[in-house]
file coords_17.cif (mmCIF, C-alpha atoms)
data_coords
loop_
_atom_site.label_atom_id
_atom_site.label_comp_id
_atom_site.auth_asym_id
_atom_site.auth_seq_id
_atom_site.Cartn_x
_atom_site.Cartn_y
_atom_site.Cartn_z
CA MET A 1 14.77 -8.42 -23.72
CA THR A 2 12.52 -9.52 -20.82
CA GLY A 3 11.30 -12.94 -19.82
CA ALA A 4 8.04 -12.01 -21.59
CA ALA A 5 9.99 -11.61 -24.87
CA ARG A 6 9.58 -7.84 -24.89
CA SER A 7 12.25 -5.32 -25.79
CA VAL A 8 13.26 -2.66 -23.26
CA GLU A 9 15.12 0.58 -23.94
CA THR A 10 16.49 2.69 -21.08
CA ARG A 11 18.10 6.12 -21.03
CA ASP A 12 19.61 8.12 -18.18
CA ARG A 13 18.61 11.76 -17.79
CA PRO A 14 19.15 14.54 -15.20
CA TRP A 15 17.02 14.70 -12.06
CA ARG A 16 13.52 16.16 -12.09
CA ASP A 17 10.97 16.34 -9.31
CA PRO A 18 8.74 13.26 -9.75
CA LEU A 19 5.69 14.98 -8.28
CA ALA A 20 6.03 17.83 -10.79
CA VAL A 21 6.32 15.35 -13.65
CA ALA A 22 3.30 13.45 -12.35
CA ALA A 23 1.33 16.71 -12.17
CA GLY A 24 1.89 17.17 -15.89
CA LEU A 25 0.40 13.71 -16.58
CA ARG A 26 -2.57 13.82 -14.23
CA HIS A 27 -5.17 14.28 -16.99
CA LEU A 28 -3.88 11.47 -19.24
CA GLU A 29 -5.32 7.97 -19.30
CA GLY A 30 -4.32 5.76 -16.38
CA PRO A 31 -1.93 8.18 -14.62
CA LEU A 32 0.37 6.51 -12.11
CA ALA A 33 2.68 8.03 -9.51
CA LEU A 34 4.53 5.79 -7.07
CA LEU A 35 6.10 8.55 -5.01
CA SER A 36 8.58 7.55 -2.32
CA ASP A 37 10.14 9.71 0.37
CA GLY A 38 13.68 9.00 -0.82
CA GLY A 39 14.52 7.25 2.46
CA ALA A 40 16.09 3.85 3.10
CA LEU A 41 13.04 2.00 1.78
CA GLY A 42 12.05 4.58 -0.81
CA ARG A 43 15.01 5.11 -3.10
CA TRP A 44 12.90 4.95 -6.27
CA SER A 45 9.79 6.78 -7.47
CA PHE A 46 7.95 5.88 -10.68
CA VAL A 47 5.67 7.91 -12.94
CA ALA A 48 3.71 6.65 -15.96
CA ALA A 49 0.53 6.99 -17.99
CA GLY A 50 -1.16 5.39 -20.97
CA PRO A 51 -1.21 1.66 -20.16
CA ASP A 52 -1.50 -0.62 -23.20
CA ARG A 53 -3.09 -3.54 -21.35
CA VAL A 54 -5.53 -3.36 -18.42
CA HIS A 55 -7.45 -5.84 -16.29
CA VAL A 56 -10.09 -4.77 -13.78
CA GLY A 57 -12.03 -7.66 -12.30
CA PRO A 58 -11.64 -11.02 -10.59
CA THR A 59 -8.33 -12.66 -9.71
CA GLY A 60 -9.40 -15.95 -11.25
CA PRO A 61 -12.08 -18.63 -10.92
CA ASP A 62 -10.31 -20.19 -7.93
CA GLY A 63 -8.81 -17.02 -6.51
CA ALA A 64 -5.43 -17.67 -8.12
CA LEU A 65 -3.34 -14.85 -9.54
CA ASP A 66 -2.82 -16.63 -12.85
CA LEU A 67 -2.90 -13.35 -14.76
CA LEU A 68 0.49 -12.58 -13.19
CA ARG A 69 1.79 -15.75 -14.84
CA ASP A 70 0.55 -14.55 -18.24
CA PRO A 71 3.59 -13.21 -20.16
CA GLY A 72 1.61 -10.05 -20.94
CA PHE A 73 1.25 -9.20 -17.24
CA ALA A 74 4.30 -10.95 -15.76
CA THR A 75 6.65 -7.92 -15.89
CA GLY A 76 6.42 -4.18 -16.37
CA VAL A 77 3.08 -4.17 -14.59
CA VAL A 78 1.44 -2.35 -11.67
CA GLY A 79 -1.39 -3.99 -9.76
CA LEU A 80 -3.77 -3.58 -6.85
CA LEU A 81 -5.04 -6.61 -4.98
CA ALA A 82 -8.07 -5.76 -2.84
CA TYR A 83 -8.23 -6.97 0.76
CA ASP A 84 -11.51 -8.80 0.21
CA ALA A 85 -10.03 -10.92 -2.59
CA GLY A 86 -7.74 -12.55 -0.04
CA ALA A 87 -10.19 -12.61 2.86
CA ARG A 88 -12.96 -14.37 0.95
CA ALA A 89 -11.53 -17.81 1.69
CA ALA A 90 -12.35 -17.15 5.35
CA THR A 91 -15.42 -14.93 5.05
CA GLY A 92 -17.27 -16.49 2.11
CA PRO A 93 -19.04 -14.34 -0.52
CA ARG A 94 -19.64 -10.71 0.45
CA GLU A 95 -20.72 -7.54 -1.33
CA ALA A 96 -18.14 -6.43 -3.89
CA VAL A 97 -17.14 -2.82 -3.18
CA TRP A 98 -13.92 -2.78 -5.22
CA PRO A 99 -12.50 -4.99 -7.99
CA ASP A 100 -10.52 -7.93 -6.65
CA LEU A 101 -7.61 -7.20 -8.99
CA MET A 102 -6.53 -4.20 -11.03
CA LEU A 103 -3.58 -4.56 -13.40
CA ALA A 104 -2.04 -2.17 -15.90
CA ARG A 105 0.98 -2.64 -18.14
CA TYR A 106 2.88 0.56 -18.92
CA PRO A 107 5.05 0.65 -22.06
CA ALA A 108 6.42 4.10 -21.13
CA MET A 109 7.67 4.83 -17.61
CA LEU A 110 10.03 7.13 -15.73
CA ALA A 111 12.05 5.86 -12.75
CA PHE A 112 13.45 8.50 -10.37
CA ASP A 113 16.54 7.55 -8.37
CA HIS A 114 16.44 9.70 -5.21
CA ARG A 115 19.86 8.54 -4.05
CA ASP A 116 21.80 9.31 -7.24
CA ARG A 117 19.51 12.20 -8.28
CA ALA A 118 18.93 10.85 -11.77
CA VAL A 119 16.00 9.78 -13.95
CA ARG A 120 15.82 6.57 -15.93
CA VAL A 121 13.63 6.67 -19.03
CA ILE A 122 12.07 3.25 -19.75
CA GLY A 123 10.43 2.16 -22.99
CA ARG A 124 8.93 -1.31 -23.50
CA GLY A 125 7.58 -2.91 -26.64
CA ASP A 126 7.25 -6.07 -28.69
CA ASP A 127 10.32 -5.05 -30.74
CA PRO A 128 13.14 -2.50 -30.49
CA ASP A 129 11.28 0.09 -32.58
CA ALA A 130 8.23 -0.06 -30.29
CA ALA A 131 10.44 0.15 -27.19
CA ARG A 132 12.23 3.19 -28.65
CA ALA A 133 8.92 4.92 -29.40
CA ALA A 134 7.72 4.26 -25.85
CA ALA A 135 10.97 5.68 -24.45
CA ASP A 136 10.52 8.78 -26.62
CA ARG A 137 7.05 9.24 -25.17
CA ALA A 138 8.31 8.87 -21.60
CA GLU A 139 11.17 11.29 -22.19
CA ALA A 140 8.75 13.92 -23.50
CA TRP A 141 6.96 13.84 -20.15
CA LEU A 142 10.02 15.35 -18.48
CA ALA A 143 9.57 18.54 -20.48
CA GLY A 144 5.89 18.73 -19.50
CA SER A 145 6.43 18.85 -15.75
CA VAL A 146 4.29 21.33 -13.83
CA ALA A 147 5.29 22.92 -10.54
CA PRO A 148 2.51 21.64 -8.28
CA GLY A 149 0.80 24.39 -6.33
CA ALA A 150 -1.09 24.03 -3.09
CA PRO A 151 -4.62 22.95 -4.04
CA PRO A 152 -7.69 24.08 -2.13
CA THR A 153 -9.31 21.86 0.47
CA PRO A 154 -10.66 18.93 -1.57
CA ALA A 155 -13.69 17.94 0.53
CA ALA A 156 -16.19 19.59 2.82
CA GLY A 157 -17.07 16.52 4.87
CA PHE A 158 -15.34 13.56 6.50
CA THR A 159 -18.10 11.42 7.96
CA ALA A 160 -17.61 8.41 10.19
CA GLU A 161 -19.66 5.48 8.95
CA THR A 162 -20.31 4.33 12.52
CA PRO A 163 -20.14 6.21 15.85
CA PRO A 164 -17.06 5.89 18.07
CA GLU A 165 -19.11 3.90 20.56
CA ALA A 166 -19.60 1.15 17.97
CA TYR A 167 -15.85 0.82 17.54
CA VAL A 168 -15.27 0.69 21.29
CA ALA A 169 -17.89 -2.07 21.54
CA ALA A 170 -16.25 -3.99 18.67
CA VAL A 171 -12.87 -3.84 20.39
CA ALA A 172 -14.39 -5.04 23.66
CA ASP A 173 -16.02 -7.96 21.83
CA VAL A 174 -12.71 -8.98 20.26
CA VAL A 175 -10.97 -8.80 23.66
CA ASP A 176 -13.66 -11.14 25.01
CA ARG A 177 -13.14 -13.52 22.08
CA ILE A 178 -9.41 -13.55 22.74
CA ALA A 179 -10.03 -14.33 26.41
CA ALA A 180 -12.25 -17.25 25.32
CA GLY A 181 -9.39 -18.68 23.23
CA GLU A 182 -10.95 -17.98 19.84
CA LEU A 183 -7.89 -16.07 18.54
CA PHE A 184 -4.87 -14.09 19.67
CA GLN A 185 -5.17 -10.84 17.71
CA ALA A 186 -7.40 -9.11 15.15
CA ASN A 187 -7.03 -5.79 13.39
CA ILE A 188 -10.33 -3.92 13.68
CA ALA A 189 -10.94 -0.78 11.62
CA ARG A 190 -13.18 2.28 11.43
CA ALA A 191 -14.26 3.88 8.15
CA TRP A 192 -14.96 7.43 6.99
CA SER A 193 -16.40 8.61 3.68
CA GLY A 194 -17.46 11.72 1.80
CA LEU A 195 -17.49 13.55 -1.53
CA LEU A 196 -14.81 15.67 -3.15
CA LEU A 197 -15.97 19.10 -4.16
CA GLU A 198 -16.99 19.63 -7.77
CA GLY A 199 -14.00 20.09 -10.04
CA VAL A 200 -11.61 18.48 -7.56
CA ASP A 201 -9.63 15.39 -8.53
CA PRO A 202 -8.05 12.72 -6.27
CA PHE A 203 -4.63 13.94 -7.43
CA ASP A 204 -5.29 17.12 -5.43
CA VAL A 205 -5.42 14.95 -2.30
CA MET A 206 -2.03 13.53 -3.25
CA LEU A 207 -0.63 17.03 -3.62
CA ARG A 208 -1.81 17.92 -0.12
CA LEU A 209 0.11 14.95 1.28
CA ALA A 210 3.35 15.99 -0.46
CA ASP A 211 4.92 17.41 2.70
CA ARG A 212 4.21 14.14 4.53
CA ALA A 213 5.78 11.78 2.00
CA ALA A 214 6.00 8.10 2.93
CA ALA A 215 8.14 5.31 1.54
CA PHE A 216 5.18 3.94 -0.44
CA GLY A 217 3.16 7.01 -1.38
CA ALA A 218 1.03 6.49 -4.47
CA PHE A 219 -1.58 7.92 -6.77
CA TRP A 220 -3.23 5.69 -9.38
CA ARG A 221 -6.32 6.25 -11.49
CA LEU A 222 -7.88 3.71 -13.83
CA GLY A 223 -11.14 4.83 -15.38
CA ASP A 224 -13.58 5.89 -12.68
CA ARG A 225 -11.54 4.50 -9.78
CA ALA A 226 -8.50 5.96 -8.04
CA VAL A 227 -6.41 5.42 -4.94
CA VAL A 228 -4.25 7.82 -2.95
CA SER A 229 -1.89 6.16 -0.50
CA ASN A 230 0.56 7.51 2.05
CA SER A 231 1.61 4.09 3.28
CA PRO A 232 4.82 3.59 5.27
CA GLU A 233 4.47 -0.21 5.26
CA LEU A 234 6.29 -2.67 3.04
CA PHE A 235 4.37 -5.88 2.41
CA LEU A 236 6.87 -7.73 0.20
CA THR A 237 10.00 -7.25 -1.81
CA PHE A 238 11.50 -9.96 -4.01
CA ASP A 239 14.88 -9.83 -5.72
CA PRO A 240 14.93 -12.51 -8.46
CA ASP A 241 18.74 -12.49 -8.64
CA SER A 242 19.44 -13.22 -4.98
CA ARG A 243 16.02 -14.90 -4.45
CA ARG A 244 15.66 -12.80 -1.27
CA VAL A 245 12.13 -12.09 -0.06
CA GLU A 246 11.47 -9.54 2.70
CA THR A 247 8.45 -8.33 4.62
CA ARG A 248 8.35 -5.55 7.23
CA PRO A 249 5.15 -5.73 9.33
CA ILE A 250 4.12 -2.71 11.38
CA LYS A 251 2.47 -3.33 14.73
CA GLY A 252 2.52 -0.75 17.52
CA THR A 253 1.79 2.98 17.24
CA ARG A 254 2.11 6.20 19.19
CA PRO A 255 1.07 9.69 18.01
CA ARG A 256 3.68 12.38 17.35
CA ASP A 257 3.82 15.41 19.66
CA ALA A 258 4.83 18.98 18.78
CA ASP A 259 6.96 19.17 21.92
CA PRO A 260 10.31 17.42 21.19
CA ALA A 261 10.72 16.07 24.69
CA ARG A 262 7.21 14.65 24.77
CA ASP A 263 7.64 13.26 21.27
CA ALA A 264 10.84 11.44 22.27
CA ALA A 265 9.10 10.11 25.37
CA LEU A 266 6.27 8.68 23.26
CA ALA A 267 8.80 6.91 21.00
CA ALA A 268 10.60 5.50 24.04
CA GLU A 269 7.29 4.39 25.54
CA LEU A 270 6.46 2.52 22.34
CA ARG A 271 9.88 0.85 22.25
CA ALA A 272 9.48 -0.39 25.83
CA SER A 273 5.79 -1.37 25.66
CA ALA A 274 5.32 -5.05 26.47
CA LYS A 275 1.84 -4.94 24.94
CA ASP A 276 3.03 -3.51 21.62
CA ARG A 277 6.04 -5.83 21.44
CA ALA A 278 3.79 -8.84 22.01
CA GLU A 279 1.39 -7.59 19.32
CA ASN A 280 4.28 -7.14 16.91
CA LEU A 281 5.80 -10.53 17.69
CA MET A 282 2.53 -12.35 16.93
CA ILE A 283 2.53 -10.90 13.42
CA VAL A 284 6.24 -11.63 12.97
CA ASP A 285 5.51 -15.29 13.72
CA LEU A 286 2.56 -15.23 11.32
CA MET A 287 4.68 -13.76 8.51
CA ARG A 288 7.44 -16.29 9.17
CA ASN A 289 4.86 -19.01 8.66
CA ASP A 290 3.48 -17.41 5.48
CA LEU A 291 6.94 -16.98 3.94
CA SER A 292 7.90 -20.55 4.79
CA ARG A 293 5.31 -21.76 2.26
CA VAL A 294 7.41 -20.44 -0.61
CA ALA A 295 10.89 -20.18 0.93
CA ALA A 296 13.77 -22.63 0.92
CA PRO A 297 13.75 -24.76 4.11
CA GLY A 298 15.63 -23.09 6.93
CA SER A 299 16.03 -19.75 5.12
CA VAL A 300 13.34 -17.72 6.91
CA SER A 301 14.68 -15.53 9.70
CA VAL A 302 13.90 -12.37 11.66
CA THR A 303 16.54 -9.84 10.67
CA ALA A 304 15.24 -6.90 12.73
CA LEU A 305 12.86 -6.87 15.68
CA PHE A 306 10.96 -4.02 17.37
CA GLU A 307 12.56 -1.08 15.58
CA VAL A 308 10.91 2.32 16.07
CA GLU A 309 10.23 4.25 12.86
CA THR A 310 9.12 7.87 13.04
CA HIS A 311 6.71 9.37 10.52
CA PRO A 312 5.10 12.83 10.27
CA THR A 313 2.12 12.00 12.49
CA VAL A 314 3.00 8.71 14.26
CA HIS A 315 5.77 6.49 15.61
CA HIS A 316 5.60 2.82 14.58
CA LEU A 317 7.11 -0.44 15.82
CA VAL A 318 8.48 -2.38 12.85
CA SER A 319 10.15 -5.78 12.39
CA THR A 320 11.73 -7.43 9.35
CA VAL A 321 11.35 -11.05 8.23
CA SER A 322 13.26 -12.42 5.26
CA GLY A 323 13.88 -15.66 3.41
CA LEU A 324 15.08 -17.13 0.13
CA ALA A 325 12.37 -18.05 -2.37
CA ARG A 326 12.48 -21.57 -3.73
CA PRO A 327 13.37 -22.08 -7.40
CA ASN A 328 10.57 -21.24 -9.86
CA VAL A 329 8.74 -19.11 -7.25
CA GLY A 330 7.69 -15.75 -8.68
CA ALA A 331 5.54 -12.76 -7.79
CA ALA A 332 2.21 -14.57 -8.15
CA ASP A 333 3.33 -17.40 -5.84
CA LEU A 334 4.60 -14.97 -3.22
CA LEU A 335 1.39 -12.94 -3.17
CA GLU A 336 -0.80 -16.05 -3.07
CA ALA A 337 1.14 -17.46 -0.10
CA THR A 338 1.08 -14.33 2.03
CA PHE A 339 -1.96 -12.20 1.12
CA PRO A 340 -3.69 -10.49 2.90
CA PRO A 341 -0.84 -9.07 4.99
CA GLY A 342 -0.66 -10.42 8.51
CA SER A 343 -0.31 -6.98 10.08
CA ILE A 344 -3.83 -5.99 9.04
CA THR A 345 -5.55 -9.32 9.69
CA GLY A 346 -4.38 -10.98 12.90
CA ALA A 347 -3.52 -14.37 14.33
CA PRO A 348 -4.51 -16.99 13.49
CA LYS A 349 -5.07 -15.25 10.16
CA HIS A 350 -8.07 -17.27 8.95
CA GLN A 351 -10.02 -16.84 12.19
CA ALA A 352 -9.03 -13.18 12.49
CA MET A 353 -10.50 -12.48 9.04
CA LYS A 354 -13.76 -14.10 10.11
CA VAL A 355 -13.90 -11.92 13.23
CA ILE A 356 -13.09 -8.81 11.19
CA ALA A 357 -15.94 -9.60 8.78
CA GLY A 358 -18.32 -9.83 11.73
CA HIS A 359 -17.54 -6.22 12.70
CA GLU A 360 -16.80 -4.50 9.38
CA PRO A 361 -18.35 -4.22 5.94
CA PRO A 362 -16.01 -5.16 3.05
CA ARG A 363 -12.78 -3.14 3.09
CA GLY A 364 -12.20 -2.85 -0.65
CA ALA A 365 -8.81 -1.44 -1.63
CA TRP A 366 -7.88 -0.49 1.95
CA CYS A 367 -5.41 -2.92 3.48
CA GLY A 368 -4.97 -4.66 0.17
CA SER A 369 -1.68 -4.27 -1.65
CA LEU A 370 -0.38 -2.02 -4.41
CA PHE A 371 2.48 -3.74 -6.20
CA GLN A 372 4.90 -3.34 -9.08
CA ILE A 373 6.68 -6.07 -11.02
CA GLU A 374 9.68 -4.72 -12.89
CA ASP A 375 11.21 -6.00 -16.12
CA ASP A 376 13.47 -8.49 -14.35
CA GLY A 377 10.62 -9.86 -12.19
CA ARG A 378 11.52 -7.78 -9.14
CA LEU A 379 8.47 -7.30 -6.89
CA THR A 380 7.71 -4.42 -4.54
CA ALA A 381 4.36 -4.49 -2.74
CA SER A 382 3.02 -2.10 -0.12
CA VAL A 383 0.26 -2.51 2.45
CA LEU A 384 -2.51 -0.05 1.59
CA ILE A 385 -2.83 1.58 4.99
CA ARG A 386 -3.14 5.40 5.18
CA THR A 387 -5.04 5.02 1.93
CA ALA A 388 -8.21 6.50 0.47
CA SER A 389 -10.10 4.92 -2.41
CA PHE A 390 -12.16 7.00 -4.82
CA GLU A 391 -14.98 6.24 -7.24
CA ARG A 392 -16.41 8.74 -9.70
CA VAL A 393 -20.20 8.80 -9.64
CA GLY A 394 -22.07 11.26 -11.84
CA GLY A 395 -18.98 13.38 -12.41
CA GLN A 396 -18.12 13.72 -8.71
CA TRP A 397 -15.59 11.69 -6.75
CA ARG A 398 -16.72 9.76 -3.67
CA PHE A 399 -14.00 8.71 -1.20
CA ARG A 400 -13.70 6.12 1.53
CA THR A 401 -10.84 5.56 3.96
CA LEU A 402 -10.21 3.47 7.07
CA ALA A 403 -7.86 3.16 10.02
CA GLY A 404 -7.44 0.15 12.24
CA ALA A 405 -5.66 -1.12 15.34
CA GLY A 406 -4.41 -4.52 16.38
CA ILE A 407 -6.52 -5.82 19.23
CA VAL A 408 -4.90 -8.17 21.75
CA ALA A 409 -5.83 -9.55 25.16
CA ASP A 410 -4.90 -6.43 27.13
CA SER A 411 -6.17 -3.86 24.65
CA ASP A 412 -8.00 -0.88 26.11
CA PRO A 413 -10.93 0.03 23.79
CA ALA A 414 -10.59 3.78 24.38
CA ALA A 415 -6.85 3.67 23.65
CA GLU A 416 -7.43 1.70 20.44
CA LEU A 417 -10.00 4.29 19.37
CA ALA A 418 -7.44 7.04 19.95
CA GLU A 419 -4.88 5.09 17.89
CA THR A 420 -7.22 5.06 14.87
CA ASP A 421 -7.61 8.83 15.21
CA ALA A 422 -3.83 9.27 15.15
CA LYS A 423 -3.47 7.03 12.10
CA ILE A 424 -6.14 8.80 10.06
CA ARG A 425 -4.94 12.30 10.93
CA ALA A 426 -2.79 12.96 7.83
CA LEU A 427 -5.48 11.84 5.39
CA ARG A 428 -8.22 13.70 7.25
CA GLU A 429 -6.20 16.92 7.16
CA ALA A 430 -5.42 16.39 3.46
CA LEU A 431 -9.11 15.95 2.69
CA ILE A 432 -10.76 18.59 4.87
CA GLY A 433 -7.90 20.69 6.23
CA ARG A 434 -8.30 19.86 9.90
#
call {"tool": "encode", "arguments": {"input": "coords_17.cif", "output": "C-alpha cells"}}
result
Amino acid sequence: MTGAARSVETRDRPWRDPLAVAAGLRHLEGPLALLSDGGALGRWSFVAAGPDRVHVGPTGPDGALDLLRDPGFATGVVGLLAYDAGARAATGPREAVWPDLMLARYPAMLAFDHRDRAVRVIGRGDDPDAARAAADRAEAWLAGSVAPGAPPTPAAGFTAETPPEAYVAAVADVVDRIAAGELFQANIARAWSGLLLEGVDPFDVMLRLADRAAAFGAFWRLGDRAVVSNSPELFLTFDPDSRRVETRPIKGTRPRDADPARDAALAAELRASAKDRAENLMIVDLMRNDLSRVAAPGSVSVTALFEVETHPTVHHLVSTVSGLARPNVGAADLLEATFPPGSITGAPKHQAMKVIAGHEPPRGAWCGSLFQIEDDGRLTASVLIRTASFERVGGQWRFRTLAGAGIVADSDPAAELAETDAKIRALREALIGR
C-alpha cells in the first residue's frame, strides 16, 4: 500500500534486455523507456506503457508543482518539467514551445536491475485485484520483447538555427557582461532542428544511441510529443527513508580522442584546468545554496569535487553536493527549490536566466528535467542535456536539440563553440549518421 492509498504488487523474474522489451512496446500508448547504462549511477532501467492518468500543461497558476502533491500523481509517476517553466520567474512571459509540465502515472511497469541481473514486475491499482491485473499486463510485456535491429538514418538534415558566428558573438557579449560585474557565469546554447524521414519514429533515434548508453538515457512519447535523451547528468535524487538529497552538477568538458594517449591527456588537462574547476565550483556553490532551502541546517556538504567522468564522446568534470531534507519535504518541494538546474543556468541563477533569454529563444524540454517518483516517494531526476525533443506535425516528426557551454570571465568564444560541437556529436550522428 502506498502513501496514495494504492495497492502495489511486485514479482521477480529473470533478466531480459530492457531495450528489447521497450522495442516491443514502442507502438503502444505512452511508451516509456528509462534506459540506464548499468553503471554506478544507472543500476536501474524502467519500461512501461499505457498510463492511466496524464497531465500535459501548466505547472499551476503560481508556478507551483501542486499536482505532485495530489495523491494521484504523488507516486508511481514520471514527469518532465520544461526549462522555461522554471526560468519564467526571471524572464517573464515568453512564447510557449513545449508544455511546462508533463506527467503520466503508469499502473504497469517493469524495473530492470542491472547489478543483480533481474527484472521486477510492478502492478499498481486502487485495490489488490487491480494491482494484480496491472502486474499481469507488465509481465506479458517480457514475452513480447523484440531484438532491436540497427535502424536506418532517421533524418536527412541537421540545421543550425543560427550561424556559428552568432554564437561566438553571444559568448563574447556574456564575457563582457561578466567583466562589468553583471554576473559570474551563464550557460549559453546553440540549437539545431530538422525533420525525421517519413515512416521514422523517435524511438529509432533511441536505438541508434544504444551503443552510447548514459546513466539517464530515456525515450518517452505522450501523444504527438516525444523526447530522446542520452543525459549523463543527475539533477536530484531523494531517498525518503534516509532523507538524503544529492545533486551532481557537470561543469567542464573535453572531447574524446581515438588515440588513447591523446585521450588520456585531454582528461588530465580537464582535471588540472583552473578555468574549468572555477566554473564547476561556482555551480557547486549555487547548488549548495539551492539545497539549503529545503535541507536541515548544517546538513549540506560537498561530498566529491572535480571528479573526471568519461563518456563515449566527452570527458566531464563532475562534483557532488548532498544534504538531508527537512521533515515533510517531498519531491515537489525539492524541485521547486532547485529548478532549473544550476549547471545549465549560471550564477547568480536569476540574472543568468535573464542573460540567457536575451541570446536564446525558449529552450522547451532541453535542459529541463525528466523525473520519476517511485511508490515510496523516492525521486530520481536527470538534467535533459544531450536531449532531442520531437513534435509530430502532419504525420511527420520535427526535432529540435541544443548544446551549451558555461561562459565565465576567461572563456574563449571559439573554444566554447568547439565544446558545443563535441557535446552534440552523439545526437547528430544518431540523427544523420555523421
call {"tool": "atom_distance", "arguments": {"input": "coords_17.cif", "atom1": "atom CA of A:Asp204", "atom2": "atom CA of A:Ile424"}}
result
17.6 Å
call {"tool": "closest_residue", "arguments": {"input": "coords_17.cif", "among": "A:Gly223, A:Gly38, A:Pro341, A:Pro260", "to": "A:Val54", "atoms": "all atoms listed in the file"}}
result
A:Gly223
call {"tool": "closest_residue", "arguments": {"input": "coords_17.cif", "among": "A:Val8, A:Val146, A:Ala418, A:Ala189", "to": "A:Pro361", "atoms": "all atoms listed in the file"}}
result
A:Ala189
call {"tool": "closest_atom_pairs", "arguments": {"input": "coords_17.cif", "of": "stretch 35-89 of chain A", "to": "stretch 230-244 of chain A", "cutoff": "10 Å", "atoms": "only C-alpha atoms", "output": "JSON lines"}}
result
{"residue": "A:Leu35", "atom": "CA", "partner": "A:Asn230", "partner_atom": "CA", "distance": 9.0}
{"residue": "A:Ser36", "atom": "CA", "partner": "A:Asn230", "partner_atom": "CA", "distance": 9.1}
{"residue": "A:Asp37", "atom": "CA", "partner": "A:Pro232", "partner_atom": "CA", "distance": 9.5}
{"residue": "A:Leu41", "atom": "CA", "partner": "A:Leu234", "partner_atom": "CA", "distance": 8.3}
{"residue": "A:Gly42", "atom": "CA", "partner": "A:Pro232", "partner_atom": "CA", "distance": 9.5}
call {"tool": "closest_residue", "arguments": {"input": "coords_17.cif", "among": "A:Arg117, A:Arg137, A:Arg190, A:Arg293", "to": "A:Glu9", "atoms": "only C-alpha atoms"}}
result
A:Arg137
call {"tool": "atom_distance", "arguments": {"input": "coords_17.cif", "atom1": "atom CA of A:Ser343", "atom2": "atom CA of A:Glu391"}}
result
26.3 Å
call {"tool": "closest_residue", "arguments": {"input": "coords_17.cif", "among": "A:Gly358, A:Gly76, A:Gly323, A:Pro348", "to": "A:Ile373", "atoms": "all atoms listed in the file"}}
result
A:Gly76
call {"tool": "residues_near_point", "arguments": {"input": "coords_17.cif", "point": "(-4.1, -3.0, 16.2)", "cutoff": "9 Å", "atoms": "only C-alpha atoms", "output": "compact mmCIF listing (two decimals) with C-alpha atoms, in the coordinates of the input"}}
result
# COMPACT_ATOMS: atom_id res chain seq x y z
CA GLN A 185 -5.17 -10.84 17.71
CA ALA A 186 -7.40 -9.11 15.15
CA ASN A 187 -7.03 -5.79 13.39
CA ILE A 188 -10.33 -3.92 13.68
CA ALA A 189 -10.94 -0.78 11.62
CA LYS A 251 2.47 -3.33 14.73
CA GLY A 252 2.52 -0.75 17.52
CA THR A 253 1.79 2.98 17.24
CA ASP A 276 3.03 -3.51 21.62
CA GLU A 279 1.39 -7.59 19.32
CA SER A 343 -0.31 -6.98 10.08
CA ILE A 344 -3.83 -5.99 9.04
CA GLY A 346 -4.38 -10.98 12.90
CA GLY A 404 -7.44 0.15 12.24
CA ALA A 405 -5.66 -1.12 15.34
CA GLY A 406 -4.41 -4.52 16.38
CA ILE A 407 -6.52 -5.82 19.23
CA VAL A 408 -4.90 -8.17 21.75
CA SER A 411 -6.17 -3.86 24.65
CA GLU A 416 -7.43 1.70 20.44
CA GLU A 419 -4.88 5.09 17.89
CA THR A 420 -7.22 5.06 14.87
call {"tool": "closest_residue", "arguments": {"input": "coords_17.cif", "among": "A:Ala111, A:Leu270, A:Leu431, A:Leu417", "to": "A:Glu165", "atoms": "only C-alpha atoms"}}
result
A:Leu417
call {"tool": "closest_residue", "arguments": {"input": "coords_17.cif", "among": "A:Pro312, A:Pro340, A:Gly63, A:Pro297", "to": "A:Ala214", "atoms": "all atoms listed in the file"}}
result
A:Pro312
call {"tool": "residues_around", "arguments": {"input": "coords_17.cif", "residues": "stretch 266-268 of chain A", "least_positions_apart": "3", "cutoff": "10 Å", "atoms": "only C-alpha atoms", "output": "number ranges by chain"}}
result
A: 253-257, 260-263, 271-273, 308-310, 314-317
call {"tool": "residues_around", "arguments": {"input": "coords_17.cif", "residues": "stretch 68-75 of chain A", "least_positions_apart": "5", "cutoff": "6 Å", "atoms": "only C-alpha atoms", "output": "NGL selection string"}}
result
:A and (4 or 332 or 373-375 or 377)
call {"tool": "atom_distance", "arguments": {"input": "coords_17.cif", "atom1": "atom CA of A:Ala296", "atom2": "atom CA of A:Ile250"}}
result
24.5 Å
call {"tool": "residues_near_point", "arguments": {"input": "coords_17.cif", "point": "(4.9, -18.4, 12.4)", "cutoff": "12 Å", "atoms": "all atoms listed in the file", "output": "list in words"}}
result
Leu281, Met282, Ile283, Val284, Asp285, Leu286, Met287, Arg288, Asn289, Asp290, Leu291, Ser292, Arg293, Val300, Ser301, Val302, Val321, Thr338, Gly342, Gly346, Ala347, Pro348 and Lys349 of chain A
call {"tool": "resolve_selection", "arguments": {"input": "coords_17.cif", "expression": "the PyMOL selection byres ((chain A and resi 79) around 6)", "output": "list in words"}}
result
Val78, Leu80, Met102, Leu103, Leu370 and Phe371 of chain A
call {"tool": "resolve_selection", "arguments": {"input": "coords_17.cif", "expression": "the PyMOL selection byres ((chain A and resi 369) around 6)", "output": "list in words"}}
result
Leu80, Leu81, Gly368, Leu370, Ser382, Val383 and Leu384 of chain A
call {"tool": "resolve_selection", "arguments": {"input": "coords_17.cif", "expression": "the PyMOL selection byres ((chain A and resi 198) around 10)", "output": "VMD selection string"}}
result
chain A and resid 154 to 155 195 to 197 199 to 201 395 to 397
call {"tool": "residues_around", "arguments": {"input": "coords_17.cif", "residues": "A:Arg11", "least_positions_apart": "6", "cutoff": "10 Å", "atoms": "only C-alpha atoms", "output": "PyMOL selection string"}}
result
chain A and resi 110+119-123+135-136+139
call {"tool": "residues_around", "arguments": {"input": "coords_17.cif", "residues": "A:Ala388", "least_positions_apart": "3", "cutoff": "6 Å", "atoms": "only C-alpha atoms", "output": "PDB file with C-alpha atoms, in the frame of the given file"}}
result
ATOM      1  CA  VAL A 227      -6.410   5.420  -4.940  1.00  0.00           C
ATOM      2  CA  VAL A 228      -4.250   7.820  -2.950  1.00  0.00           C
ATOM      3  CA  ARG A 400     -13.700   6.120   1.530  1.00  0.00           C
ATOM      4  CA  THR A 401     -10.840   5.560   3.960  1.00  0.00           C
TER       5      THR A 401
END
